[in-house]
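*Asks:* Data: target02.csv, CSV, C-alpha atoms.
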chain,number,residue,atom,x,y,z
A,4,MET,CA,116.6,130.9,70.3
A,5,PRO,CA,117.3,127.4,71.8
A,6,ALA,CA,114.3,125.3,72.9
A,7,PRO,CA,113.7,125.2,76.7
A,8,VAL,CA,115.1,122.1,78.5
A,9,THR,CA,112.3,119.7,79.3
A,10,GLU,CA,112.1,117.3,82.1
A,11,THR,CA,110.9,113.7,81.5
A,12,ARG,CA,109.1,111.9,84.3
A,13,VAL,CA,106.7,109.1,84.8
A,14,SER,CA,103.1,109.8,83.9
A,15,TRP,CA,101.4,108.7,87.2
A,16,PHE,CA,98.0,109.6,85.7
A,17,ARG,CA,98.6,107.1,82.9
A,18,ILE,CA,99.9,104.5,85.4
A,19,PHE,CA,96.6,104.7,87.3
A,20,ASN,CA,94.6,104.6,84.1
A,21,ASP,CA,96.5,101.5,82.9
A,22,LEU,CA,95.7,99.8,86.2
A,23,LYS,CA,92.1,100.9,86.1
A,24,VAL,CA,91.4,99.5,82.7
A,25,ARG,CA,92.8,96.2,84.0
A,26,GLY,CA,90.4,96.0,86.9
A,27,TRP,CA,92.4,97.8,89.6
A,28,SER,CA,90.3,100.3,91.5
A,29,VAL,CA,91.8,103.1,93.6
A,30,TYR,CA,90.7,101.2,96.7
A,31,ARG,CA,92.4,98.0,95.5
A,32,ILE,CA,95.7,99.9,94.7
A,33,GLU,CA,95.4,101.7,98.1
A,34,GLU,CA,95.1,98.4,99.9
A,35,HIS,CA,97.9,96.8,97.9
A,36,LEU,CA,100.4,99.7,98.5
A,37,ASP,CA,99.1,100.6,102.0
A,38,VAL,CA,98.9,104.3,100.9
A,39,ALA,CA,96.0,106.7,101.7
A,40,LYS,CA,93.5,107.2,98.9
A,41,SER,CA,94.0,111.0,99.1
A,42,THR,CA,97.7,110.5,98.6
A,43,MET,CA,97.1,108.4,95.5
A,44,LEU,CA,94.6,111.0,94.1
A,45,GLY,CA,97.3,113.6,94.5
A,46,TRP,CA,99.7,111.5,92.5
A,47,LYS,CA,97.1,111.0,89.8
A,48,ALA,CA,96.6,114.8,89.7
A,49,GLY,CA,100.3,115.5,89.2
A,50,ALA,CA,102.0,115.3,92.6
A,51,GLU,CA,105.3,113.3,92.6
A,52,PRO,CA,105.3,110.3,95.0
A,53,ARG,CA,108.1,109.6,97.3
A,54,HIS,CA,110.7,107.4,95.6
A,55,ALA,CA,109.8,104.3,97.5
A,56,ASP,CA,106.1,104.7,96.9
A,57,GLY,CA,106.7,105.4,93.2
A,58,GLU,CA,108.8,102.3,92.9
A,59,LEU,CA,106.1,100.2,94.5
A,60,LEU,CA,103.5,101.6,92.0
A,61,ILE,CA,105.9,101.0,89.1
A,62,VAL,CA,106.4,97.4,90.2
A,63,LEU,CA,102.6,96.9,90.5
A,64,TRP,CA,102.2,98.4,87.0
A,65,ILE,CA,104.8,96.0,85.5
A,66,GLN,CA,103.2,93.0,87.2
A,67,VAL,CA,99.6,93.9,86.1
A,68,THR,CA,100.4,95.1,82.6
A,69,GLY,CA,103.2,92.6,81.7
A,70,GLU,CA,105.1,95.5,80.3
A,71,ALA,CA,108.9,96.1,80.8
A,72,ARG,CA,110.1,98.9,82.9
A,73,ASP,CA,111.4,100.8,79.9
A,74,ALA,CA,107.8,100.9,78.5
A,75,LEU,CA,106.7,103.1,81.4
A,76,PRO,CA,104.4,105.9,80.3
A,77,LEU,CA,106.4,109.1,80.4
A,78,GLU,CA,105.5,112.8,80.0
A,79,ARG,CA,107.5,115.9,79.3
A,80,ARG,CA,107.4,118.8,81.6
A,81,TYR,CA,108.5,122.3,80.6
A,82,PRO,CA,110.2,124.7,83.0
A,83,SER,CA,107.7,127.1,84.7
A,84,GLY,CA,107.3,130.2,82.7
A,85,HIS,CA,108.1,128.6,79.3
A,86,SER,CA,105.5,127.6,76.8
A,87,ARG,CA,105.7,124.6,74.5
A,88,TRP,CA,105.1,126.9,71.6
How does this structure look as C-alpha coordinates?

*Replies:*
Amino acid sequence: MPAPVTETRVSWFRIFNDLKVRGWSVYRIEEHLDVAKSTMLGWKAGAEPRHADGELLIVLWIQVTGEARDALPLERRYPSGHSRW
(Lines of atoms letter the chains of each structure in order from A and count residues from 1; the text may use other names and numbers.)
(Lines give C-alpha, C1' and ligand atoms only; values in the text may rest on other atoms or scores of the structure.)
Protein backbone atom coordinates (compact mmCIF):
# COMPACT_ATOMS: atom_id res chain seq x y z
CA MET A 1 0.00 0.00 0.00
CA PRO A 2 1.49 3.38 -0.97
CA ALA A 3 2.24 5.87 1.80
CA PRO A 4 -0.23 8.75 2.12
CA VAL A 5 0.79 11.99 0.47
CA THR A 6 2.00 14.50 3.03
CA GLU A 7 1.79 18.26 2.95
CA THR A 8 4.79 20.30 4.01
CA ARG A 9 4.18 23.72 5.48
CA VAL A 10 5.86 26.31 7.68
CA SER A 11 5.87 25.45 11.37
CA TRP A 12 4.44 28.68 12.76
CA PHE A 13 4.84 27.36 16.30
CA ARG A 14 8.59 26.97 15.76
CA ILE A 15 8.77 30.42 14.11
CA PHE A 16 7.25 31.95 17.26
CA ASN A 17 9.51 29.86 19.49
CA ASP A 18 12.62 30.95 17.57
CA LEU A 19 11.57 34.59 17.96
CA LYS A 20 10.77 34.12 21.65
CA VAL A 21 14.19 32.68 22.51
CA ARG A 22 15.73 35.71 20.80
CA GLY A 23 13.81 38.15 23.01
CA TRP A 24 10.69 38.76 20.93
CA SER A 25 7.53 38.60 23.06
CA VAL A 26 4.10 38.02 21.56
CA TYR A 27 3.35 41.68 22.35
CA ARG A 28 6.46 42.84 20.50
CA ILE A 29 5.61 40.70 17.45
CA GLU A 30 2.01 41.96 17.60
CA GLU A 31 3.21 45.57 17.56
CA HIS A 32 5.74 44.93 14.79
CA LEU A 33 3.28 43.14 12.49
CA ASP A 34 0.17 45.13 13.53
CA VAL A 35 -1.75 41.89 14.06
CA ALA A 36 -4.04 41.07 16.99
CA LYS A 37 -2.57 38.88 19.72
CA SER A 38 -5.48 36.45 19.41
CA THR A 39 -4.71 36.04 15.70
CA MET A 40 -1.06 35.27 16.42
CA LEU A 41 -1.99 32.80 19.15
CA GLY A 42 -4.19 31.05 16.59
CA TRP A 43 -1.23 30.79 14.21
CA LYS A 44 0.91 29.42 17.00
CA ALA A 45 -1.78 26.83 17.72
CA GLY A 46 -1.84 25.64 14.11
CA ALA A 47 -4.01 28.05 12.13
CA GLU A 48 -2.58 29.14 8.79
CA PRO A 49 -2.03 32.91 8.45
CA ARG A 50 -3.13 34.82 5.38
CA HIS A 51 -0.35 34.85 2.79
CA ALA A 52 0.66 38.49 3.37
CA ASP A 53 0.74 38.06 7.16
CA GLY A 54 2.75 34.85 6.87
CA GLU A 55 5.25 36.56 4.60
CA LEU A 56 5.70 39.40 7.11
CA LEU A 57 6.30 36.88 9.88
CA ILE A 58 8.80 35.00 7.73
CA VAL A 59 10.68 38.21 6.93
CA LEU A 60 10.81 39.05 10.64
CA TRP A 61 12.10 35.53 11.42
CA ILE A 62 14.82 35.89 8.77
CA GLN A 63 15.89 39.30 10.12
CA VAL A 64 15.92 38.19 13.75
CA THR A 65 17.55 34.78 13.32
CA GLY A 66 19.91 35.63 10.46
CA GLU A 67 18.83 32.39 8.76
CA ALA A 68 18.11 32.05 5.05
CA ARG A 69 14.56 31.53 3.84
CA ASP A 70 15.35 27.95 2.84
CA ALA A 71 16.11 27.24 6.53
CA LEU A 72 12.51 27.92 7.59
CA PRO A 73 11.27 25.35 10.10
CA LEU A 74 8.84 23.06 8.31
CA GLU A 75 6.42 20.38 9.43
CA ARG A 76 4.72 17.53 7.61
CA ARG A 77 0.98 17.20 7.72
CA TYR A 78 -0.82 14.02 6.85
CA PRO A 79 -4.23 14.02 5.21
CA SER A 80 -7.12 13.77 7.64
CA GLY A 81 -8.07 10.19 8.34
CA HIS A 82 -4.55 8.86 7.77
CA SER A 83 -2.13 7.86 10.45
CA ARG A 84 1.61 8.30 10.19
CA TRP A 85 1.96 4.66 11.18

*Asks:* Calculated over only C-alpha atoms, which of the candidates A:Leu77, A:Leu60, A:Ala71, A:Val24 has the smallest distance to Trp46 (chain A)?

*Replies:*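 Among the listed residues, A:Leu60 lies closest to Trp46 (chain A).
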
*Asks:* Neighbourhood query: residues within 12 Å of (109.3, 105.2, 93.0), file coordinates, counting only C-alpha atoms; return as a list in words.

*Replies:*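 Every polymer residue passing the test: Arg12, Val13, Ser14, Trp15, Leu36, Trp46, Glu51, Pro52, Arg53, His54, Ala55, Asp56, Gly57, Glu58, Leu59, Leu60, Ile61, Val62, Leu63, Trp64 and Arg72 of chain A.
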
*Asks:* Just to confirm, what's the straight-line distance from CA of Ala48 (chain A) to CA of Gly69 (chain A) in Å (one decimal)?

*Replies:*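 About the pair CA of Ala48 (chain A) and CA of Gly69 (chain A): they are 24.5 Å apart.
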
*Asks:* What gap, in Å, lies between CA of Thr42 (chain A) and CA of Tyr30 (chain A)?

*Replies:*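 Value for the CA of Thr42 (chain A)-CA of Tyr30 (chain A) distance: 11.8 Å.
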
*Asks:* Counting only C-alpha atoms, which residue out of A:Arg80, A:Ile65, A:His35, A:Lys47 sits closest to Asn20 (chain A)?

*Replies:*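 The closest residue to Asn20 (chain A) is A:Lys47.
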
*Asks:* Could you tell me how far CA of Thr11 (chain A) sits from CA of Glu34 (chain A), in Å to one decimal place?

*Replies:*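 For CA of Glu34 (chain A) relative to CA of Thr11 (chain A), the distance reads 28.7 Å.
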
*Asks:* Can you work out which one of A:Arg17, A:Lys40, A:Arg25, A:Arg31 has the shortest atom-to-atom distance to Pro76 (chain A), counting all atoms listed in the file?

*Replies:*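 Using all atoms listed in the file, Pro76 (chain A) sits closest to A:Arg17.
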
*Asks:* From the options A:Val67, A:Asp73, A:Asp37, A:Gly49, which residue's atoms come nearest to Lys23 (chain A), counting all atoms listed in the file?

*Replies:* A:Val67

*Asks:* Counting only C-alpha atoms, which residue out of A:Trp27, A:Thr68, A:Phe16, A:Glu78 sits closest to Met43 (chain A)?

*Replies:* A:Phe16
